[in-house]
>>> print(open('entry26.csv').read())   # CSV, C-alpha atoms
chain,number,residue,atom,x,y,z
W,22,MET,CA,0.0,0.0,0.0
W,23,THR,CA,1.4,3.4,-0.9
W,24,ARG,CA,1.6,6.2,1.6
W,25,SER,CA,-1.2,8.1,-0.1
W,26,SER,CA,-3.6,5.2,0.1
W,27,LYS,CA,-2.8,4.8,3.8
W,28,ALA,CA,-3.8,8.5,4.4
W,29,ILE,CA,-7.0,8.1,2.4
W,30,ARG,CA,-7.9,4.9,4.3
W,31,ALA,CA,-7.4,6.7,7.7
W,32,SER,CA,-9.3,9.7,6.5
W,33,LEU,CA,-12.2,7.6,5.0
W,34,ILE,CA,-12.5,5.4,8.1
W,35,SER,CA,-12.5,8.3,10.5
W,36,SER,CA,-15.1,10.2,8.4
W,37,LEU,CA,-17.4,7.3,8.1
W,38,THR,CA,-17.0,6.4,11.8
W,39,ALA,CA,-17.8,10.0,12.8
W,40,LEU,CA,-20.9,9.8,10.5
W,41,ALA,CA,-22.0,6.5,12.0
W,42,ALA,CA,-21.7,8.2,15.5
W,43,VAL,CA,-23.7,11.2,14.3
W,44,PHE,CA,-26.4,9.1,12.8
W,45,THR,CA,-26.6,7.1,16.0
W,46,LEU,CA,-26.8,10.2,18.2
W,47,LEU,CA,-28.8,12.7,16.1
W,48,VAL,CA,-31.2,10.8,13.9
W,49,LYS,CA,-33.9,9.4,16.1
W,50,ILE,CA,-37.1,8.0,14.6
W,51,PRO,CA,-39.8,7.8,17.2
W,52,THR,CA,-41.6,4.4,17.6
W,53,GLY,CA,-44.2,3.2,20.1
W,54,LYS,CA,-41.5,1.7,22.4
W,55,GLY,CA,-38.7,4.3,22.0
W,56,TYR,CA,-36.4,5.5,19.3
W,57,LEU,CA,-34.8,4.0,16.3
W,58,ASN,CA,-31.3,5.3,15.2
W,59,LEU,CA,-29.8,5.0,11.8
W,60,CYS,CA,-26.3,3.9,12.4
W,61,ASP,CA,-27.0,0.8,10.2
W,62,VAL,CA,-27.4,3.1,7.2
W,63,VAL,CA,-23.7,4.0,7.3
W,64,ILE,CA,-22.7,0.4,8.1
W,65,PHE,CA,-24.5,-1.1,5.1
W,66,PHE,CA,-23.3,1.8,2.9
W,67,ALA,CA,-19.7,1.1,3.9
W,68,ALA,CA,-20.2,-2.7,3.5
W,69,PHE,CA,-21.7,-2.4,0.0
W,70,THR,CA,-19.4,0.4,-1.2
W,71,PHE,CA,-16.0,-0.3,0.4
W,72,ASN,CA,-14.4,-3.4,2.0
W,73,PRO,CA,-15.4,-5.5,5.0
W,74,LEU,CA,-12.6,-4.1,7.2
W,75,ILE,CA,-13.6,-0.5,6.6
W,76,ALA,CA,-17.3,-1.4,7.3
W,77,ALA,CA,-16.3,-3.3,10.5
W,78,SER,CA,-14.1,-0.4,11.7
W,79,CYS,CA,-16.6,2.3,11.1
W,80,ALA,CA,-19.5,0.2,12.5
W,81,GLY,CA,-17.8,-0.9,15.7
W,82,LEU,CA,-16.0,2.2,16.5
W,83,GLY,CA,-18.8,4.6,15.5
W,84,THR,CA,-21.5,3.0,17.6
W,85,ALA,CA,-19.1,2.5,20.5
W,86,LEU,CA,-18.1,6.2,20.5
W,87,ALA,CA,-21.8,7.2,20.2
W,88,ASP,CA,-22.5,5.1,23.3
W,89,VAL,CA,-19.6,6.8,25.2
W,90,ILE,CA,-20.6,10.3,24.1
W,91,GLY,CA,-24.3,9.7,24.7
W,92,GLY,CA,-23.7,8.7,28.3
W,93,TYR,CA,-24.0,4.9,28.0
W,94,PRO,CA,-20.4,3.8,28.2
W,95,GLN,CA,-21.4,0.4,29.6
W,96,TRP,CA,-22.8,-0.5,26.2
W,97,ALA,CA,-19.7,0.6,24.2
W,98,LEU,CA,-18.1,-2.9,24.2
W,99,VAL,CA,-21.3,-4.6,23.3
W,100,SER,CA,-22.0,-2.2,20.5
W,101,PHE,CA,-18.4,-2.5,19.3
W,102,ALA,CA,-18.6,-6.3,19.1
W,103,VAL,CA,-22.2,-6.5,17.6
W,104,HIS,CA,-22.0,-3.8,15.0
W,105,GLY,CA,-18.4,-4.6,14.2
W,106,LEU,CA,-19.4,-8.1,13.4
W,107,GLU,CA,-22.4,-6.8,11.5
W,108,GLY,CA,-20.2,-4.6,9.3
W,109,LEU,CA,-17.6,-7.4,8.8
W,110,LEU,CA,-20.1,-10.1,7.8
W,111,ALA,CA,-22.2,-7.8,5.6
W,112,GLY,CA,-19.0,-6.6,3.8
W,113,LEU,CA,-17.7,-10.1,3.3
W,114,LEU,CA,-21.0,-11.5,2.1
W,115,ALA,CA,-21.8,-8.5,-0.1
W,116,ARG,CA,-19.0,-9.7,-2.4
W,117,PHE,CA,-21.0,-12.9,-3.1
W,118,SER,CA,-24.6,-12.1,-2.6
W,119,LYS,CA,-26.1,-8.8,-1.5
W,120,PRO,CA,-29.5,-10.3,-0.3
W,121,LEU,CA,-27.6,-12.8,1.9
W,122,ALA,CA,-25.4,-9.9,3.3
W,123,LEU,CA,-28.5,-7.9,4.1
W,124,ALA,CA,-30.2,-10.9,5.8
W,125,VAL,CA,-27.2,-11.8,7.9
W,126,GLY,CA,-26.4,-8.2,8.8
W,127,VAL,CA,-30.0,-7.6,9.9
W,128,ALA,CA,-30.1,-10.8,11.9
W,129,ILE,CA,-26.7,-10.2,13.7
W,130,VAL,CA,-27.9,-7.0,15.5
W,131,PRO,CA,-30.9,-8.5,17.5
W,132,LEU,CA,-29.1,-11.8,18.1
W,133,GLY,CA,-25.9,-10.1,19.2
W,134,TYR,CA,-27.6,-7.7,21.6
W,135,LEU,CA,-29.7,-10.6,22.9
W,136,ALA,CA,-26.5,-12.7,23.6
W,137,LEU,CA,-24.2,-9.9,24.8
W,138,GLY,CA,-26.7,-7.4,26.1
W,139,GLY,CA,-28.3,-10.3,28.0
W,140,LEU,CA,-25.1,-10.5,30.1
W,141,LEU,CA,-25.5,-6.9,31.1
W,142,THR,CA,-29.2,-6.4,31.7
W,143,GLY,CA,-30.4,-10.0,31.9
W,144,TYR,CA,-32.1,-12.0,29.2
W,145,ALA,CA,-35.7,-10.9,30.0
W,146,VAL,CA,-34.9,-7.2,29.2
W,147,ALA,CA,-32.7,-8.2,26.2
W,148,LEU,CA,-35.5,-10.4,24.9
W,149,MET,CA,-37.9,-7.5,25.3
W,150,GLU,CA,-35.6,-5.2,23.2
W,151,ALA,CA,-35.0,-7.7,20.5
W,152,PRO,CA,-38.0,-6.7,18.3
W,153,LEU,CA,-36.9,-3.0,18.4
W,154,ASN,CA,-33.4,-4.0,17.5
W,155,LEU,CA,-34.6,-6.1,14.6
W,156,LEU,CA,-36.8,-3.2,13.3
W,157,GLN,CA,-33.9,-0.7,13.6
W,158,SER,CA,-31.6,-3.0,11.8
W,159,LEU,CA,-34.2,-3.7,9.1
W,160,VAL,CA,-35.0,0.0,8.5
W,161,GLY,CA,-31.2,0.8,8.5
W,162,ALA,CA,-30.5,-2.0,6.0
W,163,VAL,CA,-33.2,-1.0,3.6
W,164,LEU,CA,-32.3,2.7,3.8
W,165,GLY,CA,-28.6,1.8,3.6
W,166,VAL,CA,-29.1,0.0,0.2
W,167,MET,CA,-31.2,2.9,-1.2
W,168,VAL,CA,-28.7,5.5,0.1
W,169,SER,CA,-25.8,3.5,-1.3
W,170,ARG,CA,-27.3,3.5,-4.8
W,171,SER,CA,-28.2,7.1,-4.6
W,172,VAL,CA,-24.7,8.2,-3.4
W,173,LYS,CA,-23.0,6.2,-6.1
W,174,ALA,CA,-25.3,7.8,-8.7
W,175,SER,CA,-25.0,11.4,-7.4
W,176,TYR,CA,-21.3,11.3,-6.5
W,177,PRO,CA,-19.4,9.0,-9.0
W,178,PRO,CA,-15.9,9.9,-7.5
W,179,VAL,CA,-16.8,7.6,-4.6
W,180,TYR,CA,-15.3,4.9,-6.8
W,181,ASP,CA,-11.9,6.7,-6.7
W,182,LEU,CA,-11.9,6.1,-2.9
W,183,LEU,CA,-12.2,2.4,-3.3
W,184,ILE,CA,-9.2,0.7,-1.9
J,5,MET,CA,-8.2,10.7,44.1
J,6,LYS,CA,-5.6,10.8,41.2
J,7,LEU,CA,-5.0,7.5,39.4
J,8,ASP,CA,-3.1,6.9,36.2
J,9,PRO,CA,-5.5,6.4,33.3
J,10,ARG,CA,-4.0,3.0,32.6
J,11,VAL,CA,-4.7,1.9,36.1
J,12,LYS,CA,-8.3,3.2,35.7
J,13,MET,CA,-8.7,1.0,32.6
J,14,ALA,CA,-7.4,-2.0,34.6
J,15,LEU,CA,-9.8,-1.1,37.4
J,16,ALA,CA,-12.8,-1.0,35.0
J,17,VAL,CA,-11.8,-4.3,33.5
J,18,CYS,CA,-11.3,-5.9,36.9
J,19,LEU,CA,-14.7,-4.6,38.1
J,20,THR,CA,-16.4,-5.9,34.9
J,21,ILE,CA,-14.8,-9.4,35.2
J,22,ILE,CA,-15.2,-9.9,38.9
J,23,VAL,CA,-19.0,-9.5,38.9
J,24,PHE,CA,-19.3,-12.4,36.4
J,25,LEU,CA,-17.3,-14.7,38.7
J,26,PRO,CA,-19.3,-17.1,40.9
J,27,LEU,CA,-20.5,-14.9,43.7
J,28,SER,CA,-23.6,-14.6,45.9
J,29,VAL,CA,-25.9,-11.6,45.5
J,30,TYR,CA,-24.3,-10.2,48.6
J,31,GLY,CA,-20.9,-10.5,47.0
J,32,ILE,CA,-22.0,-8.7,43.8
J,33,ALA,CA,-23.6,-6.0,46.1
J,34,ILE,CA,-20.2,-5.5,47.8
J,35,TYR,CA,-18.5,-5.0,44.5
J,36,THR,CA,-21.3,-2.6,43.4
J,37,ALA,CA,-20.6,-0.6,46.5
J,38,ILE,CA,-16.9,-0.6,45.7
J,39,SER,CA,-17.5,0.6,42.2
J,40,ILE,CA,-19.7,3.4,43.5
J,41,ILE,CA,-17.0,4.4,46.0
J,42,PHE,CA,-14.4,4.5,43.2
J,43,SER,CA,-16.7,6.6,41.2
J,44,LEU,CA,-17.2,9.0,44.0
J,45,LEU,CA,-13.4,9.3,44.5
J,46,LEU,CA,-12.7,9.7,40.8
J,47,GLN,CA,-15.5,11.8,39.4
J,48,GLY,CA,-17.1,13.3,42.6
J,49,LEU,CA,-20.7,13.3,43.8
J,50,SER,CA,-22.3,15.2,40.9
J,51,GLY,CA,-20.6,12.9,38.3
J,52,THR,CA,-21.7,9.8,40.2
J,53,LEU,CA,-25.3,11.0,40.5
J,54,ARG,CA,-25.4,11.9,36.8
J,55,SER,CA,-24.2,8.4,35.9
J,56,LEU,CA,-26.7,6.7,38.3
J,57,ARG,CA,-29.5,8.8,36.9
J,58,SER,CA,-28.8,7.5,33.3
J,59,LEU,CA,-29.3,3.9,34.6
J,60,GLY,CA,-32.8,4.5,36.0
J,61,LEU,CA,-34.9,3.2,33.1
J,62,PHE,CA,-32.8,0.0,32.7
J,63,LEU,CA,-32.9,-0.7,36.4
J,64,VAL,CA,-36.7,-0.5,36.4
J,65,LEU,CA,-36.9,-2.8,33.5
J,66,ILE,CA,-34.4,-5.3,35.1
J,67,ILE,CA,-36.3,-5.3,38.4
J,68,LEU,CA,-39.6,-5.8,36.6
J,69,MET,CA,-38.7,-8.3,34.0
J,70,SER,CA,-35.9,-10.5,35.4
J,71,PRO,CA,-38.0,-12.2,38.1
J,72,LEU,CA,-40.2,-13.6,35.3
J,73,MET,CA,-37.3,-15.6,33.9
J,74,GLU,CA,-36.8,-17.6,37.1
J,75,ARG,CA,-39.8,-19.3,38.5
J,76,SER,CA,-38.5,-21.6,41.2
J,77,GLY,CA,-37.9,-21.5,44.9
J,78,GLN,CA,-40.1,-20.2,47.7
J,79,VAL,CA,-43.1,-18.1,46.6
J,80,LEU,CA,-42.9,-14.6,48.0
J,81,ILE,CA,-45.9,-12.8,46.4
J,82,ASN,CA,-49.2,-14.3,45.2
J,83,LEU,CA,-51.7,-12.5,43.1
J,84,GLY,CA,-54.8,-14.7,43.7
J,85,ALA,CA,-53.9,-18.1,42.3
J,86,PHE,CA,-51.0,-16.7,40.3
J,87,HIS,CA,-47.5,-16.8,41.9
J,88,LEU,CA,-46.1,-13.4,41.0
J,89,LEU,CA,-42.6,-13.5,42.7
J,90,TYR,CA,-40.3,-16.3,43.6
J,91,ARG,CA,-37.3,-16.1,45.8
J,92,ASP,CA,-34.9,-17.2,43.0
J,93,GLY,CA,-36.5,-14.6,40.7
J,94,LEU,CA,-35.9,-11.8,43.2
J,95,VAL,CA,-32.2,-13.0,43.7
J,96,LEU,CA,-31.7,-13.0,39.9
J,97,ALA,CA,-33.2,-9.6,39.5
J,98,LEU,CA,-31.0,-8.1,42.3
J,99,ALA,CA,-27.9,-9.8,41.0
J,100,THR,CA,-28.5,-8.5,37.5
J,101,ALA,CA,-29.2,-5.0,38.7
J,102,PHE,CA,-26.1,-4.9,40.9
J,103,ARG,CA,-24.0,-6.2,38.1
J,104,PHE,CA,-25.3,-3.7,35.7
J,105,VAL,CA,-24.7,-0.8,38.1
J,106,SER,CA,-21.2,-2.1,38.9
J,107,ILE,CA,-20.1,-2.3,35.3
J,108,SER,CA,-21.8,1.1,34.4
J,109,MET,CA,-20.1,2.9,37.3
J,110,ALA,CA,-16.7,1.4,36.4
J,111,PHE,CA,-16.8,2.7,32.9
J,112,SER,CA,-18.4,6.0,33.8
J,113,SER,CA,-15.7,6.7,36.4
J,114,LEU,CA,-13.0,5.8,33.9
J,115,LEU,CA,-14.4,8.1,31.2
J,116,GLY,CA,-15.7,10.8,33.5
J,117,SER,CA,-12.4,11.4,35.2
J,118,SER,CA,-10.0,11.2,32.2
J,119,THR,CA,-9.4,13.5,29.3
J,120,GLN,CA,-9.6,12.3,25.7
J,121,ILE,CA,-5.9,12.5,25.2
J,122,GLU,CA,-5.2,10.5,28.4
J,123,ILE,CA,-7.5,7.7,27.2
J,124,LEU,CA,-5.9,7.6,23.8
J,125,MET,CA,-2.4,7.6,25.2
J,126,SER,CA,-3.3,4.8,27.6
J,127,LEU,CA,-4.7,2.8,24.7
J,128,TYR,CA,-1.5,3.4,22.8
J,129,ALA,CA,0.6,2.5,25.9
J,130,LEU,CA,-1.5,-0.7,26.3
J,131,GLY,CA,-0.7,-1.8,22.7
J,132,LEU,CA,-3.3,-0.2,20.4
J,133,GLY,CA,-1.5,0.8,17.1
J,134,ARG,CA,-0.5,4.4,16.3
J,135,ARG,CA,-2.7,4.5,13.2
J,136,SER,CA,-5.8,3.2,15.2
J,137,CYS,CA,-5.2,5.9,17.8
J,138,LEU,CA,-5.0,8.4,15.0
J,139,VAL,CA,-8.3,7.2,13.5
J,140,ILE,CA,-10.0,7.5,16.9
J,141,SER,CA,-8.6,10.9,17.5
J,142,LEU,CA,-9.6,12.2,14.0
J,143,THR,CA,-13.1,10.7,14.5
J,144,LEU,CA,-13.6,12.5,17.8
J,145,SER,CA,-12.6,15.8,16.2
J,146,PHE,CA,-14.9,15.2,13.2
J,147,ILE,CA,-18.0,14.3,15.2
J,148,PRO,CA,-18.9,17.9,16.2
J,149,PHE,CA,-18.3,19.2,12.7
J,150,ILE,CA,-20.2,16.5,10.9
J,151,GLY,CA,-23.0,16.7,13.5
J,152,GLU,CA,-23.3,20.5,13.0
J,153,SER,CA,-23.2,20.1,9.2
J,154,PHE,CA,-25.9,17.3,9.3
J,155,LYS,CA,-28.2,19.6,11.3
J,156,ARG,CA,-27.8,22.3,8.7
J,157,ILE,CA,-28.4,19.9,5.9
J,158,ASN,CA,-31.5,18.6,7.6
J,159,GLU,CA,-32.9,22.1,8.0
J,160,SER,CA,-32.1,23.0,4.4
J,161,GLN,CA,-33.9,19.8,3.1
J,162,LYS,CA,-36.9,20.6,5.3
J,163,LEU,CA,-37.1,24.1,3.8
J,164,ARG,CA,-36.5,22.8,0.3
J,165,LEU,CA,-39.3,20.2,0.4
J,166,GLY,CA,-41.7,22.5,2.3
J,167,GLU,CA,-44.2,21.8,5.0
J,168,ASP,CA,-46.0,19.1,3.1
J,169,GLY,CA,-42.7,17.3,2.3
J,170,HIS,CA,-43.0,13.7,3.6
J,171,PHE,CA,-40.8,12.8,6.6
J,172,SER,CA,-39.2,9.9,4.7
J,173,ARG,CA,-38.3,12.2,1.7
J,174,TRP,CA,-36.4,14.8,3.6
J,175,LEU,CA,-34.8,12.2,5.8
J,176,PHE,CA,-33.5,10.3,2.8
J,177,ALA,CA,-32.3,13.5,1.1
J,178,SER,CA,-30.5,14.5,4.3
J,179,LEU,CA,-28.8,11.1,4.6
J,180,VAL,CA,-27.6,11.1,1.0
J,181,SER,CA,-26.4,14.7,1.3
J,182,ALA,CA,-24.6,14.1,4.6
J,183,LEU,CA,-22.8,11.0,3.1
J,184,VAL,CA,-21.8,12.9,-0.1
J,185,MET,CA,-20.5,15.8,2.0
J,186,THR,CA,-18.5,13.4,4.2
J,187,LEU,CA,-17.0,11.5,1.2
J,188,ARG,CA,-16.1,14.8,-0.6
J,189,SER,CA,-14.0,15.9,2.3
J,190,THR,CA,-12.1,12.6,2.5
J,191,ALA,CA,-9.4,13.4,-0.1
J,192,PRO,CA,-8.6,16.9,1.2
J,193,ARG,CA,-8.3,15.5,4.8
J,194,ALA,CA,-6.0,12.7,3.6
J,195,MET,CA,-3.8,15.4,2.0
J,196,ALA,CA,-3.8,17.4,5.2
J,197,LEU,CA,-2.8,14.3,7.1
J,198,GLU,CA,0.1,13.6,4.7
J,199,SER,CA,1.3,17.2,4.8
J,200,ARG,CA,1.5,17.0,8.6
J,201,GLY,CA,3.6,13.8,8.3
J,202,CYS,CA,0.9,11.7,10.0
J,203,MET,CA,1.5,8.6,7.9
J,204,LEU,CA,5.3,8.7,8.1
J,205,THR,CA,7.0,5.8,9.9
J,206,GLY,CA,9.7,6.4,12.5
J,207,LYS,CA,10.0,8.0,15.9
J,208,LEU,CA,7.5,10.8,16.6
J,209,THR,CA,7.7,13.6,19.1
J,210,GLY,CA,4.8,14.3,21.5
J,211,LEU,CA,3.7,17.1,23.6
J,212,VAL,CA,1.8,15.0,26.2
J,213,LYS,CA,3.2,12.2,28.2
J,214,LEU,CA,1.7,9.9,30.7
J,215,GLN,CA,3.4,9.4,34.1
J,216,SER,CA,6.1,6.8,34.6
J,217,PRO,CA,5.0,3.3,33.7
J,218,LEU,CA,6.6,2.0,36.9
J,219,ARG,CA,4.1,3.9,39.0
J,220,ALA,CA,1.2,2.6,36.9
J,221,VAL,CA,2.5,-1.0,37.2
J,222,LEU,CA,2.7,-0.6,41.0
J,223,GLN,CA,-0.8,0.9,41.2
J,224,THR,CA,-2.1,-1.9,39.0
J,225,LEU,CA,-0.4,-4.6,41.1
J,226,ALA,CA,-1.8,-3.1,44.3
J,227,LEU,CA,-5.3,-3.0,42.7
J,228,ALA,CA,-5.0,-6.6,41.5
J,229,ALA,CA,-3.9,-7.8,45.0
J,230,GLY,CA,-6.8,-5.9,46.6
J,231,PHE,CA,-9.3,-7.5,44.2
J,232,ALA,CA,-7.8,-11.0,44.8
J,233,VAL,CA,-7.9,-10.6,48.6
J,234,SER,CA,-11.4,-9.1,48.5
J,235,TYR,CA,-12.7,-11.9,46.2
J,236,ILE,CA,-11.4,-14.6,48.6
J,237,GLY,CA,-12.9,-12.7,51.5
J,238,VAL,CA,-16.3,-12.3,49.8
J,239,ARG,CA,-16.3,-16.0,48.9
J,240,LEU,CA,-15.5,-17.0,52.5
J,241,ILE,CA,-18.4,-14.8,53.8
>>> encode(input="entry26.csv", output="structure tokens")
Amino acid sequence: MTRSSKAIRASLISSLTALAAVFTLLVKIPTGKGYLNLCDVVIFFAAFTFNPLIAASCAGLGTALADVIGGYPQWALVSFAVHGLEGLLAGLLARFSKPLALAVGVAIVPLGYLALGGLLTGYAVALMEAPLNLLQSLVGAVLGVMVSRSVKASYPPVYDLLI
Amino acid sequence: MKLDPRVKMALAVCLTIIVFLPLSVYGIAIYTAISIIFSLLLQGLSGTLRSLRSLGLFLVLIILMSPLMERSGQVLINLGAFHLLYRDGLVLALATAFRFVSISMAFSSLLGSSTQIEILMSLYALGLGRRSCLVISLTLSFIPFIGESFKRINESQKLRLGEDGHFSRWLFASLVSALVMTLRSTAPRAMALESRGCMLTGKLTGLVKLQSPLRAVLQTLALAAGFAVSYIGVRLI
């Protein structure tokens, strides 16, 4: 890797990570049980546009930093693991089949929060939150695919950033 | 109390691991009290109260929902013919709540009493790569700028689409615009990084340094010994 591509990679990861944190903290769609955030939009965009490592880095780090900044640092490690895995698997599978990448990415979030979040809050509370996590992930994935297409159409130089 | 940030990280990890070891509910309660005392010493009363307040909703959910998962042992509360609360359910709810408070206070006191640069330098000292630290540092400096830009984009899209513009339309337009704005700024930022020599290899100079590692190692050893002795003590009780 040349020095220039290292700088672009660092700049791209930090920009997308910051955007994932902003979408987690600022975009809140009200639902009956609480709020949905749109961090998954950036995660699926990164997975479908760049490579799995970039998707995993911006997903894990962005959501973990959002938890720390938002005043819920106890969730940072859980978010890092769950969303990092979501970005990694979605990015890996997107090379073979996009619908499979979407399905796995959407399923990872509720399952991951059920398994790891259950250790923190107990499985009763984690089970209660699973439908909301599934809905959030699903909305994020659908919007992520649409946004990804739209960004590629409206900003073709995005292909120059591909590493 | 002034602790090295590396020691605070070790403390947070110790308090997180120890509450998952086999302990009675009284043992977990003791470690919860220890984590609250550490929080009071490290971030003061106001910081501790602020951290505790943010746990309220989850604690209510844990206390209400956890007893439903464990329906064995002595019945404590009956609602007509329905057994509402069992002893084991109450113990599970209390253990989960204490564990949650202990972990939350450990991480809140670490983050509430350290500056951003201290945490990054501790992560670097503990083995996180220089480039990863750079990415975290850049991200933390971008978040306010991107957040502010996103708010402005959002308002512009709302004005552009008018009052009758559907929520999903302006949200979608805002998301696309924010992503394009972020991607457009990637190349100039990379050039700025390069011109500052950020991607060069070799020895770097630094303005901020942590205290001597010897002191941090001694504090960590003292902390580990304290946890080992307390764990044996709690198990014996």
>>> atom_distance(input="entry26.csv", atom1="CA of Ser43 in chain J", atom2="CA of Met109 in chain J")
6.4 Å
>>> atom_distance(input="entry26.csv", atom1="CA of Ile107 in chain J", atom2="CA of Gly151 in chain J")
29.1 Å
>>> atom_distance(input="entry26.csv", atom1="CA of Val63 in chain W", atom2="CA of Ala41 in chain W")
5.6 Å
>>> closest_residue(input="entry26.csv", among="J:Ala99, J:Pro26, J:Tyr35, J:Leu183", to="Ile64 in chain W", atoms="only C-alpha atoms")
J:Leu183
>>> interface_residues(input="entry26.csv", of="chain W", to="chain J", cutoff="9 Å", atoms="all atoms listed in the file", output="VMD selection string")
chain W and resid 24 to 40 42 to 44 46 to 48 62 to 63 82 to 83 86 89 92 to 96 140 to 146 149 164 167 to 169 171 to 172 175 to 176 178 to 179 182
>>> residues_around(input="entry26.csv", residues="Ile41 in chain J", least_positions_apart="3", cutoff="12 Å", atoms="all atoms listed in the file", output="PyMOL selection string")
chain J and resi 5+34-38+44-49+52-53+106+109-110+113
>>> residues_around(input="entry26.csv", residues="Leu80 in chain J", least_positions_apart="6", cutoff="8 Å", atoms="all atoms listed in the file", output="ChimeraX atom specification")
/J:87-91
>>> axis_aligned_box(input="entry26.csv", around="range 126-140 of chain J", padding_each_side="4 Å", output="lines of an AutoDock Vina configuration file")
center_x = -4.7
center_y = 3.3
center_z = 20.4
size_x = 18.6
size_y = 18.2
size_z = 22.4
>>> closest_residue(input="entry26.csv", among="J:Leu218, J:Leu98, J:Ile40, J:Ala229", to="Cys18 in chain J", atoms="all atoms listed in the file")
J:Ala229
>>> closest_residue(input="entry26.csv", among="W:Ala136, W:Ala67, W:Leu110, W:Val125", to="Ser158 in chain W", atoms="all atoms listed in the file")
W:Val125
>>> residues_around(input="entry26.csv", residues="Gly133 in chain W", least_positions_apart="4", cutoff="6 Å", atoms="all atoms listed in the file", output="list in words")
Val103, Ile129 and Leu137 of chain W
>>> write_last_selection(input="entry26.csv", atoms="C-alpha atoms", output="PDB file, keeping the file's coordinate frame")
ATOM      1  CA  VAL W 103     -22.200  -6.500  17.600  1.00  0.00           C
ATOM      2  CA  ILE W 129     -26.700 -10.200  13.700  1.00  0.00           C
ATOM      3  CA  LEU W 137     -24.200  -9.900  24.800  1.00  0.00           C
TER       4      LEU W 137
END
>>> residues_around(input="entry26.csv", residues="Val130 in chain W", least_positions_apart="4", cutoff="12 Å", atoms="all atoms listed in the file", output="MDAnalysis selection string")
chainID W and resid 60:61 64 80:81 99:108 110:111 123:126 134:138 147 150:159 161:162
>>> closest_residue(input="entry26.csv", among="W:Gly165, W:Pro177, W:Pro120, W:Gly91", to="Phe65 in chain W", atoms="all atoms listed in the file")
W:Gly165
